[in-house]
Structure formats: structure tokens, C-alpha cells
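Structure record follows, encoded as C-alpha cells.
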Amino acid sequence: MDPRTESIVWIENLSKIFRVGFWGRQMTAVDSLSLDVRQGEVFGFLGPNGAGKTTTIKILMGLIYPTSGQARLFGRGVGDPVAKAKLGFLPESPYFYDYLTSREFLGFYGHLFGLQGKVLNTRIDALLELVGMTHARDLQLRKFSKGMLQRVGIAQALINDPELVVLDEPMSGLDPVGRKEVRDLILRLKESGKTILFSSHILHDAELLCDRVAMILKGRLVASGHVSELIDQGTTHSVELVIDHLSPDGLEHLRPLMEKVVVQGDRLLAVLRHPGDVGAALEIIRAAKATLISLTPHKSSLEDLFIRMVKGQQVDGGPRP
Amino acid sequence: MKVLSIALNTFRENLRDKLLYNLLIFALLMIGSSLLLMRLTLGEFHRLILDIGLGSINFFGVLIAIFVGIGLVSKEIEKKTIYTIISKPVARYQFLLGKYLGLSLTLLINTTIMAVGLLAVLYFQDVPIQIVLFEALGTIFLELMVVTAVALLFSTFTSATLSAIFTLAIFVIGHLTADLKMFGQKMEGVGRGILDGIYYFLPNLERFNLKGHVTHRLDVAGNDLVLIVAYGAVYITLLLLLASLIFQRRDFR
Ligand SMILES: Nc1ncnc2c1ncn2[C@@H]1O[C@H](COP(=O)(O)OP(=O)(O)OP(=O)(O)O)[C@@H](O)[C@H]1O
Ligand SMILES: [Mg+2]
């Protein structure tokens, strides 16, 4: 298989340099980024604020041109009408024609795909139902709340029954119920065979939804792969202990095993350096006749990985390959 | 089809714009005000009504063309509404063309309403209505389409405010190009070159002005009309082509 033509989204060595300010100071938003999204997967595009997610997505949507590198959709150049016909896009904070009602709004986008008449009306009703906006079908968008805009925005992205759905922060602005609904929607889209690329800060959502993720920092790829792989290779699971009445002597024995020790009066909070040392630690506690209050193994999450990556970046001043 | 949808959506946007109605009401008041004029000697009175009427239609038409026209594209970029359009199978030039045709439709309807107002005034004041009046209205509309194309061109690469200023400047200079040329002929060297350049490069909007013919009841030769229309059409085409070229290359950020 040639990933260049068979991937749904294919990006190689993509860079975007913005010129900002009066003097045209250069500012690298995306830096030699390579990744691919394959048929039928849910792909999470993660990174802190200003990492370059939106910029990358805008290049894919043909809204801005890359400074160098290549991007392809469905094996075709970005901007190819055949590729665009199979694409659905929800922009970052949805801005739409606010003088239109939901139905006029979706109708307009339907026309752009050549949809008309009964087919279009049926599609519009189904989509409004899908995003829970049937009640606001004849309301002008200017009267919508942020979450309601997000919902019709998602409906708009699905008007052409696209094969690839690109969502830039689809959960932002939604309440917990709305977020759950979007998660369910993404899973339903995946079930019906669609490919989904979405960006998010909410790593919990990404962890629940994604087959694969890419994490970027300052425009560069710092990690990518299956979620489970990333978590496993990322952090070893940590174990946290809470102990009461530990003698100073016991503490001295325990300390070398611990990554972190916090003493609060008679109580002690400790995190094991290696999870394998649980047995040894318990032995010391028993010998010192202290009381073990709790022992909590922590599963590492994407969030830990993310935070470590961001911190690593700040300390090293540069990303690691 | 896509161009048409965008045009109709633009038209709908214009219809829901209050500015449009305000300008239209002002224009109608202006035209209607000539009903209150004192009767002067007959010939002058007719001339005055026609002058005020055509002048108002021209003036308010241009205001609408500029102030609605500048927002056409720059507002879509500023408000980011363009993101969802360009990511659909719509080429950038199709978007521009749709926007242009949409506003042209708005202008056509506005001009028609103002023209009907003028015709009513003329009818009540017993001013004879001649063919050349309709020709003058037609060329006013053509001028509006040229001005709209200028506004569209600017709004593909500058902000709405700057587009308004530039378009207004072009409109004013466009009515003075003949004077500039005459002025230039009295100069030498660089000054003359610059003024000649302006004359050939900027639109000569005076060509669309047939008000003198109407007030003096002169006919316009068929050939001249064809030339005027051809001039307008070529100029609009060139402006739209240039706008598309610029628009195709720019980033929406
Ligand atoms: N139009 C622009 N002009 C100049 N710089 C820009 C522009 N858009 C983005 N940038 C810069 O590019 C970098 C990446 O921005 P981008 O919007 O892609 O980040 P992001 O990952 O989407 O962030 P967020 O999570 O906050 O949405 C930022 O440093 C930003 O300042
Ligand atoms: Mg973003």
C-alpha cells in the first residue's frame, strides 16, 4: 500500500511560517509535520494552545497555503473539488451567517453540493434531529447560544454525508451532556465507516474515542500512535501510598524507594519510584509497625503523557525526536 | 449552480441589512422632494426634476454599491464565515463571482425601485418621459456594477474601511479623469505621464453619465450606447479577473 495515495489524509514535512506584525517577523506555526490518517479510523490531533492544530487543519481545508511540504486528501491535492466533495468540516469556533435560520443555513450548504428539493429537506430534518436542534429549525442563528452554534455547525459538516469528517475542537463550548452526545456521534460516524480527524485539548475524550493520536508541540510532532501504545511506552504506572505512624527510622528505610514523600503531621504520603517495589515497601511498613491507610495504583493516561511532553519541552527548550 | 446559490444567499443577506433600507428611503425622499419644488419656468423646472432624480439614483446607488460592496468579502473573512464555504467544493473564483452577482441583483432591484419613484414624480409633474431617460438609468446601473467590482477587488486584500476609502477615491477620480487628461496636456514630462496613466488605467466613469442628454433631450447614438456597454463589460471583467487572481493566492487567517 502506498500511504501517499491510499491514506485518507496524508501530510509530509508540512511547514507554515506566518509573517506577523509590521516588520513581517517570522513565526513558525507548523514545523516539518508528517502524519497520515487511514480509512475508517478516529484520529485525535492533540496539543496545547498555539501548538499548530488549527493551522494544520486550515491547510488541509485549503484555507491557507503551506510554506513548504505536502498535504493530500483522498490521494488528491488539497483543494481538489473531488476530494472536497467527500469532506465535512467544522471550524474552530463556529462563525456562520447569523441572518439565516437553521434550515436556511443547512439548505444553503446543501445547495453547494448540488443537493435539492425533497432529498435535501429530508437530509436537513434528519441532521437537525441528529444534533438535537429540531426545536430551533426556524430560529435565526444570531439568537443561538455557543453550544447551539456548535451543534448546527456539526450538522453543516455532515450535510454531504462525507467520508472524512474534520472537526476542530468539536467539544468546546458544549456542556457535559453535549460533549457526551458528540462523543456518541463520533462513534456512530465511525461505525458507519467514516474517517474522523478531530483536534482537542480534552485528552479524556481523545482517550475514549481515538484509534490513533498525534501530539504536537510548537508545530512539531512529539508523539503519535495507538493510544494504548503511547500510554504504555510513556509512563510506567505509579503507586501512591498513605501511611500513618511511621517512625523516623522506618522513613529512612522507605525513602530510597520513593520518588516523592510528603509528611503531614503523623501522616505520610509517598509515591513509589518503581511499581515493582510494592512488596519491599510493605515489608518496611510492617517492620516499622506503621499503619497502611491506602495503596493506590495510578494508571497513566494521555493526560500524564501530555503534561510530561509539555514540561519536557519547557525544560529542554526543544522537542525530542 | 454553486455561483447562483452564493449569489442568492448574498442577496438574502443584503435584504436583511438595515443599511440598505435606510439608504433606499433617503433616496426616495430625495426624489420625492422635487414634488415640493416651486414651479419655475417650465423648461428649467423639468430639467431640475430630472437632474435631482437621476443624481439621487446615482448617488445613493453608489453609496449602496460601496458600503455593501466592501463588506462582501472582507466581512466573510473577518467573521470567518468563508471557512465553511471554501472547504466545500466551491472554487474561490466561484465564491467571488457569486458574491458579485448577488450584490448586482440587489443593486438592480434598488435601482428599479428608485427609477419607479422617479417615474412617478415625473408623471405627477407632467414631465414628458423619453427613451433616453431609460438609457441613462441603464448606464447608471452599469456604473454601479463597475464601482461594485472596484469595491470587490479592494476587499479581496484590504479591510472594509480601507476598501471604502479606496473605492470612494476611485469613484471621485473616475469622474475627473477627462479633466485630469486635459490638465496633463498642459504639463510636461513625469507629471503628464502620471496623469495620462491615471486616465487610461482608472475607469472613466463620466462615460456612463448621460444625465446631460436627458435634461437637454438629446438622443444618444446607438453606436455610442454599444461602446459604453462594451467599455463597462470589459472593465468589470478585468476587475473581476484581477480580484480572482489575488483572492486565489491569499491565506484566510
Ligand atoms: N493568522 C495568524 N497570523 C499569525 N500567527 C498565527 C496566525 N494563526 C495562528 N498563528 C500562530 O500559529 C501558532 C499556532 O496556532 P494554531 O491556531 O494553529 O494553534 P492551535 O493548536 O489550534 O491552538 P488552540 O488549541 O488554542 O486552538 C500560534 O502560535 C499562533 O500564534
Ligand atoms: Mg485551534
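Residue numbering restarts at 1 in every chain; chains get A, B, ... in the order shown in the C-alpha cells, and ligands count up from 1 in that same order.
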_Around ligand 2, which protein and nucleic acid residues have at least one atom no more than 8 Å from it, if we count only C-alpha atoms and all ligand atoms? List them as a PyMOL selection string._
chain A and resi 49-55+92+168-169+199
*asked:* Env of Arg255 (chain A): 12 Å cut, atoms = only C-alpha atoms, seq-sep filter 3 positions within chain, self excluded. Answer as a PyMOL selection string.
replied: chain A and resi 246+248-252+258-263+268-273+280-281+284-285
*chain B residues within 12 Å of chain A, counting only C-alpha atoms: which ones, as a ChimeraX atom specification?*
/B:1-18,75-92,94-95,98,247-253
Keeping C-alpha atoms for every residue in the selection just given, could you write it to a file as a CSV table (one decimal), in the first residue's frame?
```
chain,number,residue,atom,x,y,z
B,1,MET,CA,-25.4,26.4,-9.6
B,2,LYS,CA,-22.9,27.0,-6.8
B,3,VAL,CA,-22.4,30.5,-8.0
B,4,LEU,CA,-26.1,31.0,-8.1
B,5,SER,CA,-26.6,29.7,-4.5
B,6,ILE,CA,-23.9,32.0,-3.3
B,7,ALA,CA,-25.4,34.9,-5.2
B,8,LEU,CA,-28.9,34.3,-3.8
B,9,ASN,CA,-27.5,33.9,-0.3
B,10,THR,CA,-25.7,37.2,-0.8
B,11,PHE,CA,-28.9,38.8,-2.0
B,12,ARG,CA,-30.7,37.4,1.0
B,13,GLU,CA,-28.0,38.8,3.3
B,14,ASN,CA,-28.4,42.2,1.7
B,15,LEU,CA,-32.2,42.1,2.1
B,16,ARG,CA,-31.7,41.6,5.9
B,17,ASP,CA,-29.3,44.5,6.1
B,18,LYS,CA,-30.8,47.7,7.6
B,75,LYS,CA,-16.6,40.6,6.3
B,76,GLU,CA,-16.7,37.0,5.3
B,77,ILE,CA,-13.0,36.7,6.0
B,78,GLU,CA,-13.1,38.7,9.3
B,79,LYS,CA,-16.1,36.8,10.5
B,80,LYS,CA,-14.6,33.5,9.2
B,81,THR,CA,-17.8,32.5,7.5
B,82,ILE,CA,-15.7,31.9,4.5
B,83,TYR,CA,-14.1,28.8,6.1
B,84,THR,CA,-17.0,26.6,5.7
B,85,ILE,CA,-17.6,27.7,2.1
B,86,ILE,CA,-14.1,27.3,0.8
B,87,SER,CA,-13.9,23.8,2.4
B,88,LYS,CA,-16.9,22.8,0.3
B,89,PRO,CA,-16.4,22.0,-3.4
B,90,VAL,CA,-16.5,25.7,-4.4
B,91,ALA,CA,-13.6,27.3,-6.2
B,92,ARG,CA,-12.5,30.6,-4.9
B,94,GLN,CA,-16.9,30.9,-7.9
B,95,PHE,CA,-17.3,32.4,-4.4
B,98,GLY,CA,-21.4,34.6,-6.6
B,247,PHE,CA,-8.1,36.0,-3.9
B,248,GLN,CA,-6.8,32.7,-5.2
B,249,ARG,CA,-3.4,33.3,-3.7
B,250,ARG,CA,-4.3,34.7,-0.3
B,251,ASP,CA,-4.4,32.9,3.1
B,252,PHE,CA,-7.6,33.1,5.1
B,253,ARG,CA,-6.2,33.6,8.6
```
*Name the residues in contact with region 221-230 of chain A at a cut-off of 6 Å, using only C-alpha atoms, excluding same-chain residues fewer than 5 positions from it; report them as a VMD selection string.*
chain A and resid 211 to 216
Output of the above residues as an mmCIF file, in the first residue's frame, restricted to all heavy atoms:
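Produced file result11.cif, reproduced below:
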```cif
data_model
loop_
_atom_site.group_PDB
_atom_site.id
_atom_site.type_symbol
_atom_site.label_atom_id
_atom_site.label_comp_id
_atom_site.auth_asym_id
_atom_site.auth_seq_id
_atom_site.Cartn_x
_atom_site.Cartn_y
_atom_site.Cartn_z
ATOM 1 N N ASP A 211 -8.610 5.871 17.739
ATOM 2 C CA ASP A 211 -7.782 4.727 17.423
ATOM 3 C C ASP A 211 -6.327 5.139 17.522
ATOM 4 O O ASP A 211 -5.517 4.482 18.147
ATOM 5 C CB ASP A 211 -8.080 4.238 16.010
ATOM 6 C CG ASP A 211 -9.517 3.781 15.880
ATOM 7 O OD1 ASP A 211 -9.915 2.930 16.679
ATOM 8 O OD2 ASP A 211 -10.226 4.309 15.008
ATOM 9 N N ARG A 212 -6.025 6.256 16.899
ATOM 10 C CA ARG A 212 -4.654 6.754 16.971
ATOM 11 C C ARG A 212 -4.686 8.249 17.272
ATOM 12 O O ARG A 212 -5.679 8.921 16.989
ATOM 13 C CB ARG A 212 -3.921 6.525 15.649
ATOM 14 C CG ARG A 212 -3.609 5.057 15.404
ATOM 15 C CD ARG A 212 -2.629 4.911 14.266
ATOM 16 N NE ARG A 212 -3.081 5.569 13.073
ATOM 17 C CZ ARG A 212 -2.280 6.238 12.252
ATOM 18 N NH1 ARG A 212 -0.989 6.351 12.530
ATOM 19 N NH2 ARG A 212 -2.756 6.806 11.177
ATOM 20 N N VAL A 213 -3.578 8.729 17.824
ATOM 21 C CA VAL A 213 -3.482 10.166 18.070
ATOM 22 C C VAL A 213 -2.120 10.669 17.610
ATOM 23 O O VAL A 213 -1.175 9.896 17.457
ATOM 24 C CB VAL A 213 -3.635 10.528 19.567
ATOM 25 C CG1 VAL A 213 -4.998 10.154 20.092
ATOM 26 C CG2 VAL A 213 -2.536 9.884 20.387
ATOM 27 N N ALA A 214 -2.053 11.950 17.366
ATOM 28 C CA ALA A 214 -0.773 12.612 17.142
ATOM 29 C C ALA A 214 -0.732 13.763 18.110
ATOM 30 O O ALA A 214 -1.726 14.465 18.295
ATOM 31 C CB ALA A 214 -0.672 13.130 15.720
ATOM 32 N N MET A 215 0.395 13.929 18.775
ATOM 33 C CA MET A 215 0.514 15.020 19.720
ATOM 34 C C MET A 215 1.526 16.002 19.160
ATOM 35 O O MET A 215 2.625 15.598 18.780
ATOM 36 C CB MET A 215 1.004 14.451 21.043
ATOM 37 C CG MET A 215 0.399 15.132 22.247
ATOM 38 S SD MET A 215 0.965 14.347 23.720
ATOM 39 C CE MET A 215 -0.455 13.377 24.170
ATOM 40 N N ILE A 216 1.150 17.266 19.073
ATOM 41 C CA ILE A 216 2.115 18.233 18.560
ATOM 42 C C ILE A 216 2.361 19.347 19.553
ATOM 43 O O ILE A 216 1.521 19.656 20.405
ATOM 44 C CB ILE A 216 1.712 18.840 17.191
ATOM 45 C CG1 ILE A 216 0.424 19.651 17.294
ATOM 46 C CG2 ILE A 216 1.568 17.769 16.151
ATOM 47 C CD1 ILE A 216 0.175 20.480 16.051
#
```
*Have a look at CA of Ser32 (chain A) and CA of Phe198 (chain A) and let me know their distance in Å, one decimal.*
19.9 Å
Tell me which protein, DNA and RNA residues are within 12 Å of Ile49 (chain B), counting only C-alpha atoms, leaving out same-chain ones fewer than 2 positions away, and put them as a short mmCIF file (atom, residue, chain, number, x, y, z; two decimals) with N, CA and C atoms, in the first residue's frame.
```cif
data_model
loop_
_atom_site.label_atom_id
_atom_site.label_comp_id
_atom_site.auth_asym_id
_atom_site.auth_seq_id
_atom_site.Cartn_x
_atom_site.Cartn_y
_atom_site.Cartn_z
N MET B 30 -35.50 61.95 -1.29
CA MET B 30 -34.80 62.92 -2.12
C MET B 30 -35.53 63.11 -3.46
N ILE B 31 -35.85 61.96 -4.08
CA ILE B 31 -36.53 62.04 -5.38
C ILE B 31 -37.90 62.67 -5.21
N GLY B 32 -38.60 62.26 -4.14
CA GLY B 32 -39.94 62.76 -3.90
C GLY B 32 -39.96 64.25 -3.57
N SER B 33 -38.85 64.73 -2.97
CA SER B 33 -38.83 66.12 -2.54
C SER B 33 -39.03 67.08 -3.71
N SER B 34 -38.72 66.62 -4.92
CA SER B 34 -38.87 67.53 -6.05
C SER B 34 -40.35 67.81 -6.35
N LEU B 35 -41.24 67.03 -5.69
CA LEU B 35 -42.67 67.33 -5.80
C LEU B 35 -42.98 68.68 -5.13
N LEU B 36 -42.15 69.04 -4.16
CA LEU B 36 -42.42 70.25 -3.38
C LEU B 36 -41.80 71.49 -4.01
N LEU B 37 -41.03 71.27 -5.08
CA LEU B 37 -40.33 72.41 -5.68
C LEU B 37 -41.31 73.45 -6.22
N MET B 38 -40.88 74.70 -6.12
CA MET B 38 -41.68 75.77 -6.69
C MET B 38 -41.65 75.66 -8.21
N ARG B 39 -42.75 75.98 -8.79
CA ARG B 39 -42.76 75.95 -10.25
C ARG B 39 -41.95 77.10 -10.80
N LEU B 40 -40.90 76.76 -11.51
CA LEU B 40 -40.11 77.80 -12.17
C LEU B 40 -40.59 77.85 -13.61
N LEU B 42 -41.03 76.66 -17.15
CA LEU B 42 -41.32 75.27 -17.44
C LEU B 42 -40.07 74.44 -17.77
N GLY B 43 -39.29 74.90 -18.72
CA GLY B 43 -38.12 74.13 -19.16
C GLY B 43 -37.16 73.86 -18.01
N GLU B 44 -36.85 74.87 -17.26
CA GLU B 44 -35.91 74.72 -16.15
C GLU B 44 -36.45 73.79 -15.09
N PHE B 45 -37.74 73.89 -14.86
CA PHE B 45 -38.37 73.05 -13.85
C PHE B 45 -38.20 71.57 -14.21
N HIS B 46 -38.49 71.22 -15.42
CA HIS B 46 -38.32 69.83 -15.87
C HIS B 46 -36.88 69.37 -15.72
N ARG B 47 -35.99 70.28 -16.13
CA ARG B 47 -34.57 69.94 -16.08
C ARG B 47 -34.15 69.67 -14.64
N ASP B 51 -32.66 66.27 -13.11
CA ASP B 51 -31.32 66.35 -12.54
C ASP B 51 -31.28 65.79 -11.13
N ILE B 52 -32.19 66.27 -10.30
CA ILE B 52 -32.23 65.80 -8.91
C ILE B 52 -32.52 64.30 -8.87
N GLY B 53 -33.48 63.88 -9.68
CA GLY B 53 -33.88 62.47 -9.67
C GLY B 53 -32.74 61.55 -10.07
N LEU B 54 -32.17 61.79 -11.24
CA LEU B 54 -31.09 60.93 -11.72
C LEU B 54 -29.88 61.03 -10.80
N GLY B 55 -29.62 62.27 -10.34
CA GLY B 55 -28.49 62.46 -9.43
C GLY B 55 -28.66 61.65 -8.15
N SER B 56 -29.87 61.66 -7.59
CA SER B 56 -30.10 60.88 -6.36
C SER B 56 -29.93 59.39 -6.60
N LEU B 118 -38.88 57.83 -9.41
CA LEU B 118 -38.64 58.98 -10.28
C LEU B 118 -39.74 59.09 -11.35
N LEU B 119 -40.08 57.94 -11.95
CA LEU B 119 -41.11 57.95 -12.99
C LEU B 119 -42.43 58.47 -12.44
N ALA B 120 -42.73 58.07 -11.19
CA ALA B 120 -43.98 58.55 -10.57
C ALA B 120 -43.95 60.06 -10.42
N VAL B 121 -42.83 60.59 -9.93
CA VAL B 121 -42.71 62.04 -9.78
C VAL B 121 -42.88 62.73 -11.13
N LEU B 122 -42.19 62.20 -12.14
CA LEU B 122 -42.27 62.80 -13.48
C LEU B 122 -43.70 62.80 -13.98
N TYR B 123 -44.38 61.69 -13.72
CA TYR B 123 -45.76 61.56 -14.18
C TYR B 123 -46.66 62.61 -13.53
N PHE B 124 -46.49 62.76 -12.18
CA PHE B 124 -47.35 63.72 -11.48
C PHE B 124 -47.03 65.16 -11.86
N GLN B 125 -45.81 65.40 -12.25
CA GLN B 125 -45.42 66.77 -12.62
C GLN B 125 -45.55 67.01 -14.12
N ASP B 126 -46.14 66.03 -14.81
CA ASP B 126 -46.35 66.17 -16.26
C ASP B 126 -45.06 66.41 -17.04
N VAL B 127 -44.00 65.78 -16.57
CA VAL B 127 -42.76 65.89 -17.35
C VAL B 127 -42.77 64.79 -18.40
N PRO B 128 -42.56 65.11 -19.67
CA PRO B 128 -42.57 64.06 -20.69
C PRO B 128 -41.42 63.06 -20.45
N ILE B 129 -41.74 61.77 -20.65
CA ILE B 129 -40.75 60.73 -20.40
C ILE B 129 -40.23 60.22 -21.74
N LYS B 211 -26.78 62.08 -18.04
CA LYS B 211 -27.78 63.00 -17.48
C LYS B 211 -27.94 64.22 -18.36
N VAL B 214 -30.31 63.62 -21.05
CA VAL B 214 -31.71 63.56 -20.62
C VAL B 214 -32.26 64.97 -20.41
N THR B 215 -31.50 65.79 -19.68
CA THR B 215 -32.05 67.11 -19.35
C THR B 215 -32.14 67.99 -20.59
#
```
*From the set A:Ala288, A:Phe45, A:Leu115, A:Gly147, which residue has the shortest atom-to-atom contact distance to Leu167 (chain A), counting only C-alpha atoms?*
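Of A:Ala288, A:Phe45, A:Leu115, A:Gly147, the one nearest Leu167 (chain A) is A:Phe45, counting only C-alpha atoms.
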*For Glu129 (chain A), which residue among A:Arg103, A:Gly312, A:Ser294, A:Gly75 is the nearest when counting only C-alpha atoms?*
A:Arg103
*Which residue out of B:Gly61, B:Thr237, B:Ile165, B:Ile228 has the minimum interatomic distance to Tyr100 (chain B) when only C-alpha atoms are used?*
B:Thr237
_I'd like the interatomic distance between CA of Gly77 (chain A) and CA of Asp161 (chain A), to a tenth of an Å._
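It comes out at 20.8 Å.
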*Give the answer as one residue: which of A:Leu164, A:Leu189, A:Arg142, A:Thr101 has the shortest atom-to-atom distance to Leu130 (chain A), using only C-alpha atoms?*
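The shortest atom-to-atom distance to Leu130 (chain A) comes from A:Leu189.
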*Work out how far apart CA of Gln70 (chain A) and CA of Ser15 (chain A) are and give it in Å to one decimal.*
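Here the two named atoms are 8.7 Å from each other.
Take the candidates A:Thr134, A:Ser34, A:Ser200, A:Ser7 and check each one against ligand 1 using only C-alpha atoms and all ligand atoms; the shortest distance goes to A:Ser200.
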*For Leu202 (chain B), list every protein, DNA or RNA residue within 9 Å, evaluated using only C-alpha atoms, and leave out those in the same chain fewer than 6 positions away; present the list as a ChimeraX atom specification.*
/B:170,173-174,177
Restrict the selected residues to C-alpha atoms and save them as a CSV table (one decimal), in the first residue's frame.
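Final output, out-v2.csv:
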```
chain,number,residue,atom,x,y,z
B,170,ILE,CA,-11.5,55.8,-7.4
B,173,ILE,CA,-11.2,60.4,-9.6
B,174,GLY,CA,-13.2,58.2,-12.1
B,177,THR,CA,-10.3,61.6,-15.5
```
